[in-house]
Each structure stands twice: as C-alpha cells, then as structure tokens.
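**Q** The file below is my_file_34.pdb, PDB, C-alpha atoms, pLDDT in the B column:
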```pdb
ATOM      1  CA  GLU A1448     -14.835 -19.839 -15.204  1.00 70.00           C
ATOM      2  CA  TRP A1449     -11.160 -20.769 -15.411  1.00 76.00           C
ATOM      3  CA  VAL A1450      -9.411 -24.079 -15.979  1.00 83.00           C
ATOM      4  CA  GLY A1451      -6.164 -24.944 -14.212  1.00 85.00           C
ATOM      5  CA  LEU A1452      -3.739 -26.970 -16.310  1.00 84.00           C
ATOM      6  CA  GLU A1453      -0.517 -28.846 -15.639  1.00 87.00           C
ATOM      7  CA  LEU A1454       1.560 -28.662 -18.811  1.00 83.00           C
ATOM      8  CA  THR A1455       3.773 -31.540 -19.874  1.00 83.00           C
ATOM      9  CA  ASP A1456       6.621 -29.105 -20.548  1.00 75.00           C
ATOM     10  CA  ALA A1457       7.929 -26.433 -18.186  1.00 64.00           C
ATOM     11  CA  ARG A1458       6.352 -23.592 -20.109  1.00 65.00           C
ATOM     12  CA  GLY A1459       3.861 -22.498 -17.499  1.00 64.00           C
ATOM     13  CA  VAL A1460       4.091 -19.709 -14.941  1.00 64.00           C
ATOM     14  CA  HIS A1461       3.319 -21.209 -11.523  1.00 69.00           C
ATOM     15  CA  ASP A1462       2.878 -24.411  -9.504  1.00 76.00           C
ATOM     16  CA  GLY A1463      -0.892 -24.206  -9.125  1.00 78.00           C
ATOM     17  CA  ASN A1464      -0.631 -21.491  -6.490  1.00 71.00           C
ATOM     18  CA  VAL A1465      -1.705 -17.988  -7.545  1.00 69.00           C
ATOM     19  CA  MET A1466      -1.933 -14.954  -5.262  1.00 60.00           C
ATOM     20  CA  GLY A1467      -1.141 -17.196  -2.305  1.00 61.00           C
ATOM     21  CA  ILE A1468      -4.142 -19.449  -3.007  1.00 69.00           C
ATOM     22  CA  PRO A1469      -3.407 -23.104  -3.917  1.00 76.00           C
ATOM     23  CA  TYR A1470      -5.839 -24.193  -6.653  1.00 83.00           C
ATOM     24  CA  PHE A1471      -3.960 -27.383  -7.522  1.00 87.00           C
ATOM     25  CA  GLU A1472      -0.461 -28.833  -7.243  1.00 87.00           C
ATOM     26  CA  CYS A1473       2.104 -29.379  -9.979  1.00 84.00           C
ATOM     27  CA  PRO A1474       5.845 -28.871 -10.503  1.00 83.00           C
ATOM     28  CA  ALA A1475       7.043 -25.266 -10.624  1.00 74.00           C
ATOM     29  CA  ALA A1476       6.571 -23.480 -13.977  1.00 70.00           C
ATOM     30  CA  LYS A1477       4.178 -26.122 -15.306  1.00 78.00           C
ATOM     31  CA  GLY A1478       0.913 -24.574 -14.182  1.00 78.00           C
ATOM     32  CA  VAL A1479      -1.287 -22.176 -16.159  1.00 78.00           C
ATOM     33  CA  PHE A1480      -4.874 -20.979 -16.096  1.00 76.00           C
ATOM     34  CA  ALA A1481      -7.004 -20.656 -19.216  1.00 74.00           C
ATOM     35  CA  GLN A1482     -10.638 -20.201 -20.093  1.00 68.00           C
ATOM     36  CA  PRO A1483     -12.496 -23.045 -21.851  1.00 75.00           C
ATOM     37  CA  ALA A1484     -12.544 -21.138 -25.149  1.00 70.00           C
ATOM     38  CA  GLN A1485      -8.754 -21.225 -25.194  1.00 66.00           C
ATOM     39  CA  LEU A1486      -8.611 -25.020 -25.101  1.00 76.00           C
ATOM     40  CA  SER A1487      -9.082 -27.576 -27.863  1.00 71.00           C
ATOM     41  CA  ALA A1488     -11.058 -30.760 -27.354  1.00 60.00           C
ATOM     42  CA  SER A1489      -7.886 -32.645 -26.519  1.00 56.00           C
ATOM     43  CA  GLY A1490      -7.052 -30.199 -23.774  1.00 46.00           C
ATOM     44  CA  ALA A1491      -4.166 -28.587 -25.632  1.00 46.00           C
ATOM     45  CA  ILE A1492      -3.997 -24.826 -25.727  1.00 43.00           C
ATOM     46  CA  THR A1493      -4.806 -23.463 -29.150  1.00 42.00           C
ATOM     47  CA  ALA A1494      -2.208 -21.376 -30.887  1.00 37.00           C
ATOM     48  CA  SER A1495      -4.816 -18.796 -31.909  1.00 37.00           C
ATOM     49  CA  ALA A1496      -5.799 -18.098 -28.328  1.00 36.00           C
ATOM     50  CA  PRO A1497      -2.708 -17.999 -26.111  1.00 37.00           C
ATOM     51  CA  VAL A1498      -3.155 -18.363 -22.386  1.00 38.00           C
ATOM     52  CA  VAL A1499      -2.830 -15.141 -20.450  1.00 39.00           C
ATOM     53  CA  ALA A1500      -0.265 -15.737 -17.750  1.00 39.00           C
ATOM     54  CA  PRO A1501      -1.087 -14.705 -14.195  1.00 41.00           C
ATOM     55  CA  SER A1502       0.636 -11.463 -13.341  1.00 38.00           C
ATOM     56  CA  ALA A1503       2.918 -13.126 -10.811  1.00 37.00           C
ATOM     57  CA  ALA A1504       5.037 -14.073 -13.808  1.00 36.00           C
ATOM     58  CA  PRO A1505       7.351 -11.463 -15.379  1.00 34.00           C
ATOM     59  CA  THR A1506       5.582  -9.451 -18.039  1.00 35.00           C
ATOM     60  CA  ALA A1507       6.965  -7.366 -20.859  1.00 35.00           C
ATOM     61  CA  VAL A1508       6.732  -3.612 -20.531  1.00 37.00           C
ATOM     62  CA  ALA A1509       4.026  -2.322 -22.836  1.00 39.00           C
ATOM     63  CA  SER A1510       4.778   0.523 -25.206  1.00 41.00           C
ATOM     64  CA  ASP A1511       2.714   3.698 -25.248  1.00 42.00           C
ATOM     65  CA  ALA A1512       0.940   2.427 -28.354  1.00 39.00           C
ATOM     66  CA  ASP A1513      -0.326  -0.815 -26.800  1.00 46.00           C
ATOM     67  CA  GLU A1514      -0.611   0.236 -23.175  1.00 55.00           C
ATOM     68  CA  VAL A1515      -3.311  -1.758 -21.385  1.00 61.00           C
ATOM     69  CA  GLU A1516      -6.104   0.204 -19.748  1.00 79.00           C
ATOM     70  CA  THR A1517      -7.062  -0.634 -16.175  1.00 83.00           C
ATOM     71  CA  LEU A1518     -10.572  -1.412 -15.012  1.00 88.00           C
ATOM     72  CA  PRO A1519     -12.461   1.468 -13.368  1.00 92.00           C
ATOM     73  CA  SER A1520     -12.249   1.501  -9.586  1.00 93.00           C
ATOM     74  CA  LYS A1521     -14.670   2.618  -6.900  1.00 93.00           C
ATOM     75  CA  GLU A1522     -13.630   5.651  -4.871  1.00 90.00           C
ATOM     76  CA  LYS A1523     -14.435   3.978  -1.544  1.00 88.00           C
ATOM     77  CA  THR A1524     -15.365   0.590  -0.114  1.00 89.00           C
ATOM     78  CA  ALA A1525     -19.026  -0.197   0.458  1.00 88.00           C
ATOM     79  CA  ASP A1526     -18.799   0.841   4.131  1.00 84.00           C
ATOM     80  CA  GLY A1527     -16.698   3.933   3.353  1.00 80.00           C
ATOM     81  CA  SER A1528     -13.823   2.917   5.631  1.00 78.00           C
ATOM     82  CA  ALA A1529     -11.190   2.601   2.882  1.00 83.00           C
ATOM     83  CA  TRP A1530     -10.590   4.746  -0.193  1.00 86.00           C
ATOM     84  CA  LEU A1531      -8.256   5.194  -3.117  1.00 87.00           C
ATOM     85  CA  GLY A1532      -4.887   6.593  -2.081  1.00 84.00           C
ATOM     86  CA  GLN A1533      -5.319   5.583   1.542  1.00 82.00           C
ATOM     87  CA  GLN A1534      -2.346   4.084   3.292  1.00 79.00           C
ATOM     88  CA  VAL A1535      -2.973   0.740   4.954  1.00 83.00           C
ATOM     89  CA  LEU A1536      -1.179  -2.159   6.578  1.00 83.00           C
ATOM     90  CA  TRP A1537      -1.294  -5.659   5.107  1.00 85.00           C
ATOM     91  CA  LYS A1538       0.347  -8.332   7.247  1.00 81.00           C
ATOM     92  CA  GLY A1539       2.153  -5.522   9.078  1.00 76.00           C
ATOM     93  CA  LYS A1540       3.574  -4.033   5.867  1.00 81.00           C
ATOM     94  CA  GLN A1541       2.731  -0.642   4.396  1.00 80.00           C
ATOM     95  CA  GLY A1542       0.843  -0.155   1.176  1.00 86.00           C
ATOM     96  CA  VAL A1543      -1.424   2.260  -0.683  1.00 87.00           C
ATOM     97  CA  VAL A1544      -4.945   1.493  -1.942  1.00 91.00           C
ATOM     98  CA  ARG A1545      -4.963   1.571  -5.771  1.00 94.00           C
ATOM     99  CA  TYR A1546      -8.152  -0.345  -6.643  1.00 96.00           C
ATOM    100  CA  ILE A1547     -11.517  -1.071  -4.999  1.00 95.00           C
ATOM    101  CA  GLY A1548     -14.238  -3.190  -6.525  1.00 94.00           C
ATOM    102  CA  ASP A1549     -15.192  -6.499  -8.063  1.00 93.00           C
ATOM    103  CA  VAL A1550     -12.576  -8.848  -9.487  1.00 90.00           C
ATOM    104  CA  ARG A1551     -12.760 -11.750 -11.890  1.00 85.00           C
ATOM    105  CA  PHE A1552     -10.793 -14.211  -9.799  1.00 80.00           C
ATOM    106  CA  ALA A1553     -13.060 -14.243  -6.719  1.00 81.00           C
ATOM    107  CA  ALA A1554     -16.427 -13.088  -5.412  1.00 83.00           C
ATOM    108  CA  GLY A1555     -17.020  -9.996  -3.307  1.00 87.00           C
ATOM    109  CA  GLU A1556     -15.354  -6.626  -2.978  1.00 92.00           C
ATOM    110  CA  TRP A1557     -11.555  -6.670  -3.149  1.00 94.00           C
ATOM    111  CA  ILE A1558      -8.918  -4.017  -2.579  1.00 95.00           C
ATOM    112  CA  GLY A1559      -5.822  -3.721  -4.747  1.00 95.00           C
ATOM    113  CA  ILE A1560      -2.766  -2.559  -2.828  1.00 94.00           C
ATOM    114  CA  GLU A1561       0.565  -1.223  -4.035  1.00 91.00           C
ATOM    115  CA  MET A1562       3.066  -2.254  -1.380  1.00 88.00           C
ATOM    116  CA  LEU A1563       5.740   0.280  -0.490  1.00 79.00           C
ATOM    117  CA  GLU A1564       8.273  -2.523  -0.378  1.00 65.00           C
ATOM    118  CA  ALA A1565       8.643  -5.248  -3.021  1.00 59.00           C
ATOM    119  CA  ARG A1566       6.725  -7.803  -0.990  1.00 75.00           C
ATOM    120  CA  GLY A1567       3.715  -8.201  -3.256  1.00 81.00           C
ATOM    121  CA  MET A1568       2.846 -10.733  -5.934  1.00 84.00           C
ATOM    122  CA  HIS A1569       2.118  -8.902  -9.202  1.00 87.00           C
ATOM    123  CA  ASP A1570       1.975  -5.522 -10.970  1.00 89.00           C
ATOM    124  CA  GLY A1571      -1.775  -4.925 -10.643  1.00 91.00           C
ATOM    125  CA  ASN A1572      -2.562  -7.405 -13.408  1.00 88.00           C
ATOM    126  CA  VAL A1573      -4.086 -10.738 -12.383  1.00 86.00           C
ATOM    127  CA  LEU A1574      -4.913 -13.507 -14.847  1.00 80.00           C
ATOM    128  CA  GLY A1575      -4.705 -11.112 -17.748  1.00 82.00           C
ATOM    129  CA  VAL A1576      -6.955  -8.431 -16.239  1.00 89.00           C
ATOM    130  CA  SER A1577      -5.358  -5.079 -15.355  1.00 92.00           C
ATOM    131  CA  TYR A1578      -6.932  -3.594 -12.224  1.00 95.00           C
ATOM    132  CA  PHE A1579      -4.248  -1.021 -11.414  1.00 95.00           C
ATOM    133  CA  LYS A1580      -0.612  -0.345 -12.238  1.00 92.00           C
ATOM    134  CA  CYS A1581       2.453  -0.666 -10.025  1.00 90.00           C
ATOM    135  CA  SER A1582       5.964  -2.035 -10.198  1.00 87.00           C
ATOM    136  CA  SER A1583       6.333  -5.775 -10.656  1.00 84.00           C
ATOM    137  CA  GLY A1584       6.184  -7.646  -7.357  1.00 84.00           C
ATOM    138  CA  LYS A1585       4.523  -4.809  -5.424  1.00 88.00           C
ATOM    139  CA  GLY A1586       0.847  -5.510  -6.033  1.00 91.00           C
ATOM    140  CA  ILE A1587      -1.497  -7.579  -3.868  1.00 92.00           C
ATOM    141  CA  PHE A1588      -5.245  -8.032  -3.446  1.00 93.00           C
ATOM    142  CA  ALA A1589      -6.920  -8.344  -0.073  1.00 91.00           C
ATOM    143  CA  GLN A1590     -10.324  -7.934   1.482  1.00 90.00           C
ATOM    144  CA  LEU A1591     -11.017  -5.135   3.923  1.00 89.00           C
ATOM    145  CA  SER A1592     -11.009  -7.453   6.937  1.00 87.00           C
ATOM    146  CA  HIS A1593      -7.336  -8.244   6.237  1.00 87.00           C
ATOM    147  CA  LEU A1594      -6.220  -4.596   6.302  1.00 88.00           C
ATOM    148  CA  GLN A1595      -5.431  -2.126   9.073  1.00 80.00           C
ATOM    149  CA  THR A1596      -6.313   1.541   8.629  1.00 70.00           C
ATOM    150  CA  THR A1597      -6.163   2.781  12.245  1.00 51.00           C
ATOM    151  CA  GLY A1598      -4.868   6.301  12.763  1.00 49.00           C
ATOM    152  CA  THR A1599      -5.139   7.462   9.170  1.00 49.00           C
ATOM    153  CA  ARG A1600      -7.218  10.593   8.803  1.00 48.00           C
ATOM    154  CA  ASP A1601      -7.053  10.804   5.006  1.00 53.00           C
ATOM    155  CA  SER A1602      -4.843   9.810   2.111  1.00 55.00           C
ATOM    156  CA  ALA A1603      -3.495  13.328   1.561  1.00 58.00           C
ATOM    157  CA  ALA A1604      -2.217  13.377   5.143  1.00 63.00           C
ATOM    158  CA  VAL A1605      -0.407  10.083   4.729  1.00 62.00           C
ATOM    159  CA  GLU A1606       1.133  11.079   1.432  1.00 63.00           C
ATOM    160  CA  GLU A1607       2.370  14.385   2.862  1.00 66.00           C
ATOM    161  CA  THR A1608       3.987  12.564   5.784  1.00 68.00           C
ATOM    162  CA  LEU A1609       5.683  10.139   3.409  1.00 65.00           C
ATOM    163  CA  ARG A1610       6.859  13.014   1.201  1.00 67.00           C
ATOM    164  CA  GLN A1611       8.441  14.598   4.272  1.00 65.00           C
ATOM    165  CA  VAL A1612      10.103  11.281   5.075  1.00 63.00           C
ATOM    166  CA  GLU A1613      11.460  10.987   1.532  1.00 62.00           C
ATOM    167  CA  ALA A1614      12.702  14.586   1.634  1.00 63.00           C
ATOM    168  CA  SER A1615      14.505  13.906   4.902  1.00 58.00           C
ATOM    169  CA  VAL A1616      16.128  10.757   3.590  1.00 55.00           C
ATOM    170  CA  SER A1617      17.124  12.458   0.330  1.00 55.00           C
ATOM    171  CA  ALA A1618      18.707  15.285   2.291  1.00 54.00           C
ATOM    172  CA  GLY A1619      20.569  12.784   4.450  1.00 49.00           C
ATOM    173  CA  VAL A1620      19.069  14.040   7.697  1.00 49.00           C
ATOM    174  CA  ALA A1621      16.904  11.103   8.777  1.00 44.00           C
ATOM    175  CA  SER A1622      19.121   8.067   8.806  1.00 41.00           C
ATOM    176  CA  GLY A1623      21.132   7.518  11.947  1.00 40.00           C
ATOM    177  CA  VAL A1624      20.701  11.058  13.251  1.00 40.00           C
ATOM    178  CA  ALA A1625      19.377  11.441  16.788  1.00 45.00           C
ATOM    179  CA  SER A1626      17.118  14.428  17.309  1.00 57.00           C
ATOM    180  CA  SER A1627      18.133  16.987  19.912  1.00 79.00           C
ATOM    181  CA  LEU A1628      14.473  17.559  20.757  1.00 86.00           C
ATOM    182  CA  GLN A1629      12.974  16.091  23.900  1.00 90.00           C
ATOM    183  CA  VAL A1630       9.483  15.073  24.978  1.00 93.00           C
ATOM    184  CA  GLY A1631       7.668  18.037  26.525  1.00 94.00           C
ATOM    185  CA  GLN A1632       9.568  20.631  24.514  1.00 93.00           C
ATOM    186  CA  ARG A1633       7.625  23.290  22.600  1.00 94.00           C
ATOM    187  CA  VAL A1634       8.261  23.519  18.865  1.00 92.00           C
ATOM    188  CA  MET A1635       7.025  25.272  15.745  1.00 92.00           C
ATOM    189  CA  TRP A1636       5.930  23.210  12.718  1.00 89.00           C
ATOM    190  CA  LYS A1637       6.002  24.770   9.250  1.00 84.00           C
ATOM    191  CA  GLY A1638       7.071  27.999  10.902  1.00 86.00           C
ATOM    192  CA  ARG A1639       3.575  28.889  12.116  1.00 88.00           C
ATOM    193  CA  HIS A1640       1.961  26.013  14.020  1.00 92.00           C
ATOM    194  CA  ALA A1641       2.937  25.664  17.666  1.00 94.00           C
ATOM    195  CA  GLY A1642       2.934  22.332  19.418  1.00 95.00           C
ATOM    196  CA  MET A1643       4.535  20.108  22.015  1.00 95.00           C
ATOM    197  CA  VAL A1644       6.822  17.151  21.426  1.00 95.00           C
ATOM    198  CA  ARG A1645       5.093  13.946  22.546  1.00 96.00           C
ATOM    199  CA  PHE A1646       7.389  11.343  21.002  1.00 95.00           C
ATOM    200  CA  VAL A1647      11.026  11.085  19.916  1.00 93.00           C
ATOM    201  CA  GLY A1648      12.431   7.839  18.585  1.00 90.00           C
ATOM    202  CA  PRO A1649      12.529   5.243  15.805  1.00 87.00           C
ATOM    203  CA  VAL A1650       9.359   4.561  13.804  1.00 82.00           C
ATOM    204  CA  GLU A1651       8.135   1.680  11.669  1.00 75.00           C
ATOM    205  CA  PHE A1652       7.330   3.753   8.584  1.00 70.00           C
ATOM    206  CA  ALA A1653      10.827   5.153   7.957  1.00 69.00           C
ATOM    207  CA  THR A1654      14.496   4.861   8.878  1.00 70.00           C
ATOM    208  CA  GLY A1655      15.932   7.083  11.586  1.00 73.00           C
ATOM    209  CA  VAL A1656      14.617   9.095  14.518  1.00 82.00           C
ATOM    210  CA  PHE A1657      11.354  10.994  14.094  1.00 86.00           C
ATOM    211  CA  VAL A1658       9.385  13.379  16.266  1.00 91.00           C
ATOM    212  CA  GLY A1659       5.697  13.158  17.104  1.00 93.00           C
ATOM    213  CA  VAL A1660       4.127  16.513  17.880  1.00 94.00           C
ATOM    214  CA  GLU A1661       0.759  17.452  19.384  1.00 96.00           C
ATOM    215  CA  LEU A1662      -0.224  20.764  17.791  1.00 95.00           C
ATOM    216  CA  GLU A1663      -2.218  23.410  19.613  1.00 94.00           C
ATOM    217  CA  ASP A1664      -4.668  23.754  16.722  1.00 93.00           C
ATOM    218  CA  PRO A1665      -6.357  20.919  14.753  1.00 88.00           C
ATOM    219  CA  VAL A1666      -4.225  21.397  11.647  1.00 87.00           C
ATOM    220  CA  GLY A1667      -2.462  18.047  11.915  1.00 84.00           C
ATOM    221  CA  TYR A1668      -3.448  14.639  10.600  1.00 80.00           C
ATOM    222  CA  TYR A1669      -3.359  12.020  13.326  1.00 81.00           C
ATOM    223  CA  ASP A1670      -4.186  11.153  16.921  1.00 87.00           C
ATOM    224  CA  GLY A1671      -0.699   9.830  17.616  1.00 88.00           C
ATOM    225  CA  THR A1672      -1.326   6.599  15.729  1.00 82.00           C
ATOM    226  CA  PHE A1673       0.141   6.106  12.263  1.00 77.00           C
ATOM    227  CA  MET A1674      -0.151   2.990  10.107  1.00 67.00           C
ATOM    228  CA  GLY A1675      -1.639   0.979  12.956  1.00 67.00           C
ATOM    229  CA  GLN A1676       1.151   1.812  15.417  1.00 78.00           C
ATOM    230  CA  THR A1677       0.481   4.135  18.389  1.00 87.00           C
ATOM    231  CA  TYR A1678       3.439   6.380  19.243  1.00 92.00           C
ATOM    232  CA  PHE A1679       1.624   8.886  21.485  1.00 95.00           C
ATOM    233  CA  LYS A1680      -1.936  10.034  22.163  1.00 93.00           C
ATOM    234  CA  CYS A1681      -3.629  13.336  21.371  1.00 93.00           C
ATOM    235  CA  GLU A1682      -6.904  14.639  19.973  1.00 90.00           C
ATOM    236  CA  PRO A1683      -7.668  13.543  16.397  1.00 83.00           C
ATOM    237  CA  GLY A1684      -6.292  15.984  13.842  1.00 83.00           C
ATOM    238  CA  LYS A1685      -3.691  17.482  16.171  1.00 91.00           C
ATOM    239  CA  GLY A1686      -0.858  14.996  15.718  1.00 91.00           C
ATOM    240  CA  ILE A1687       1.948  15.125  13.138  1.00 90.00           C
ATOM    241  CA  PHE A1688       5.226  13.293  12.543  1.00 87.00           C
ATOM    242  CA  ALA A1689       8.333  15.014  11.262  1.00 85.00           C
ATOM    243  CA  HIS A1690      12.091  14.800  11.389  1.00 80.00           C
ATOM    244  CA  GLY A1691      13.701  17.112  13.947  1.00 80.00           C
ATOM    245  CA  SER A1692      15.238  19.203  11.166  1.00 77.00           C
ATOM    246  CA  MET A1693      11.739  20.207  10.068  1.00 80.00           C
ATOM    247  CA  LEU A1694      10.855  21.680  13.446  1.00 85.00           C
ATOM    248  CA  ASN A1695      11.944  24.905  15.147  1.00 86.00           C
ATOM    249  CA  GLU A1696      12.520  25.028  18.867  1.00 85.00           C
ATOM    250  CA  MET A1697      10.495  27.652  20.709  1.00 80.00           C
ATOM    251  CA  ALA A1698      12.010  29.791  23.415  1.00 65.00           C
ATOM    252  CA  ILE A1699      10.848  29.098  26.960  1.00 59.00           C
ATOM    253  CA  ILE A1700       8.972  32.108  28.295  1.00 51.00           C
TER     254      ILE A1700
END
```
What would the structure in this file look like if it were written as structure tokens?

**A**
Amino acid sequence: EWVGLELTDARGVHDGNVMGIPYFECPAAKGVFAQPAQLSASGAITASAPVVAPSAAPTAVASDADEVETLPSKEKTADGSAWLGQQVLWKGKQGVVRYIGDVRFAAGEWIGIEMLEARGMHDGNVLGVSYFKCSSGKGIFAQLSHLQTTGTRDSAAVEETLRQVEASVSAGVASGVASSLQVGQRVMWKGRHAGMVRFVGPVEFATGVFVGVELEDPVGYYDGTFMGQTYFKCEPGKGIFAHGSMLNEMAII
C-alpha cells in the first residue's frame, strides 16, 4: 500500500502522475509516494525513513560497492508468447523485453521494456524497486496486450539483425545510400546462403535503404515481417534483412 502526498514545498518528484497513470493532481515537483511506515502521525515524512522517489526522477549513479540488485525475472510470459531479450513494439516504438513478472505498483503480470530510443519513463526502477537496468528515460512497463511481437522468430534473430544494422551505420554504408540490388535478383547472404531479393527500400527499424531476402533454405529468421511491419512475404524462417553491402550478387545462369 502506498500513500500519495502533495508536499508544501517543491521538493517532490512528480505531479501525481507516475508511469503515465494519474493517481492524484498537484503542482509539478510537489508529489511523492511513500509507505505508511515512512510517515509520522502528522503526515510529515520522517527523517529516518526518506521517501524513495519514483524512478521517473533523475537518480544518482550507484557505485560498484552499493549497486542495487534487480528482482528476478521470469524467462517467458504465462502464455509463452513473450520472453526476455525479445524485441517488441510499444506504441509503434521499438524496445527489448528486460523483465517479466509481478510488480509492486499494480496487479497482474507486467513486462519491463528497454526502449531503443529515449522515449521511456525510467531506468528500470519504479518507486524504489529495481526490476531491470537501462539508461535513464528508456524504461517502461506494459502488459502483453499493449505490445506487438508479430514477425519475430526469436530474440537472437532480432539482436543479430540489429547488430548488422549497427555495423552498417558504423561503417557509413547504410545512411542515404541506395542499394543497387533490385527485387527478383538472386543474391548470396553470408557467402553461402542463396536467396532472392523480395524488398528494397527504407525500413522503420533503421536509417537508410535495406534489402529483404527470401532464402532458399530455412536458415533465416522472419517471414517478411519485422517489428510488426510487413515488408514482403515468405515462409517462416526464410526471410532476412540486410544492407546491400552485406550481400553478394549471383551471376545469372
């Protein structure tokens, strides 16, 4: 049980709204949450038991000596449709599952997400409880019904695709470079997997022009859908995405 307080001085951390949920209304930076044990009979916060600020407020970086441990997470959701490390979409934005399980701020099973862009609300710590760790402003919690997981075969596949994207960007080959490959052209992926180009164009998960390939053998990761967006269609496990520089053109026989 938590108690929401409006402080008389602007020494709080919010306006009664935490994690996008309005619990009460007060001026900005005057709201805090505390447990009954932290309050004196008059309602003032005791000096011996300071209120733990919700993680939406800036927090000091802990040293190695006093690093806070996170709560243990489940490997998968109750229905098995989401798992740690899986890439998902929340409100159309990309993120990675970092926590699955019960939380102390609401009932039911919740999923902690590290957003790939700084569009979150906290750093994995909510109301003084550390569920997972991420950069400040990149963490959110959501229930499974609010997430999209379509097209993701497994977390390793997603992470490999994103590593390829990062490698392309780092090498300066992805941004603003149009691929010379065309739909219907045969290519070789990783030097040993033959396939046919099914898509060439901009994508939502990275900057620049990327190529969607349907491989001849089921050594890919997708069915043409990635992060909820369908770019082409093929059998599950035969689709991959890569920058044109990572593919070799095959001679027409």

**Q** Determine, counting only C-alpha atoms, which protein, DNA and RNA residues have an atom within 9 Å of an atom of segment 1588-1592 of chain A; residues of the same chain fewer than 3 positions away are not included. Present the result as a list in words.

**A** Met1466, Thr1524, Ser1528, Ala1529, Trp1537, Tyr1546, Gly1555, Glu1556, Trp1557, Ile1558, Gly1559, Ile1560, Glu1561, Gly1567, Met1568, Gly1571 and Gln1595 of chain A

**Q** Exactly which residues make up the result of the PyMOL selection byres ((chain A and resi 1646) around 12) on this file, given as JSON, numbers by chain?

**A** {"A": [1626, 1628, 1629, 1630, 1631, 1632, 1642, 1643, 1644, 1645, 1647, 1648, 1649, 1650, 1656, 1657, 1658, 1659, 1660, 1661, 1671, 1672, 1677, 1678, 1679, 1680, 1681, 1686, 1687, 1688, 1689, 1690, 1691]}

**Q** Considering only C-alpha atoms, return as a PyMOL selection string whatever protein or nucleic-acid residues lie within 12 Å of segment 1469-1471 of chain A, sequence-local ones (same chain, fewer than 5 positions apart) excluded.

**A** chain A and resi 1449-1453+1461-1464+1477-1480+1552

**Q** Enter the distance from atom CA of Glu1651 of chain A to atom CA of Gln1676 of chain A, in Å, rounded to one decimal.

**A**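 Going from atom CA of Glu1651 of chain A over to atom CA of Gln1676 of chain A, I get 7.9 Å.
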
**Q** Between atom CA of Leu1518 of chain A and atom CA of Tyr1578 of chain A, measure the distance and give it in Å to one decimal.

**A**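 So the two atoms, atom CA of Leu1518 of chain A and atom CA of Tyr1578 of chain A, lie 5.1 Å apart.
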
**Q** By how many Å are atom CA of Gly1548 of chain A and atom CA of His1593 of chain A apart?

**A**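 For atom CA of Gly1548 of chain A relative to atom CA of His1593 of chain A, the distance reads 15.4 Å.
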
**Q** Would you list the residues near (5.8, 24.7, 15.6), meaning any protein, DNA or RNA residue with an atom at most 10 Å from that point in file coordinates, counting all atoms listed in the file, as a ChimeraX atom specification?

**A** /A:1633-1644,1660-1663,1693-1697

**Q** Return the single residue from A:Ile1587, A:Ala1476, A:Pro1683, A:Lys1580 that is closest to Lys1538 of chain A, with distances computed using only C-alpha atoms.

**A** A:Ile1587

**Q** As a PyMOL selection string, please: the residues near Cys1581 of chain A (cut-off 9 Å, all atoms listed in the file, same-chain neighbours under 5 positions excluded).

**A** chain A and resi 1545+1561-1562+1569-1571+1586

**Q** From the set A:Ile1547, A:Leu1594, A:Ala1553, A:Val1576, which residue has the shortest atom-to-atom contact distance to Glu1448 of chain A, counting all atoms listed in the file?

**A**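 Smallest separation from Glu1448 of chain A among the options: A:Ala1553.
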
**Q** Quick one: of A:Arg1551, A:Lys1685, A:Lys1540, A:Lys1523, who's nearest to Val1573 of chain A, counting all atoms listed in the file?

**A**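 Smallest separation from Val1573 of chain A among the options: A:Arg1551.
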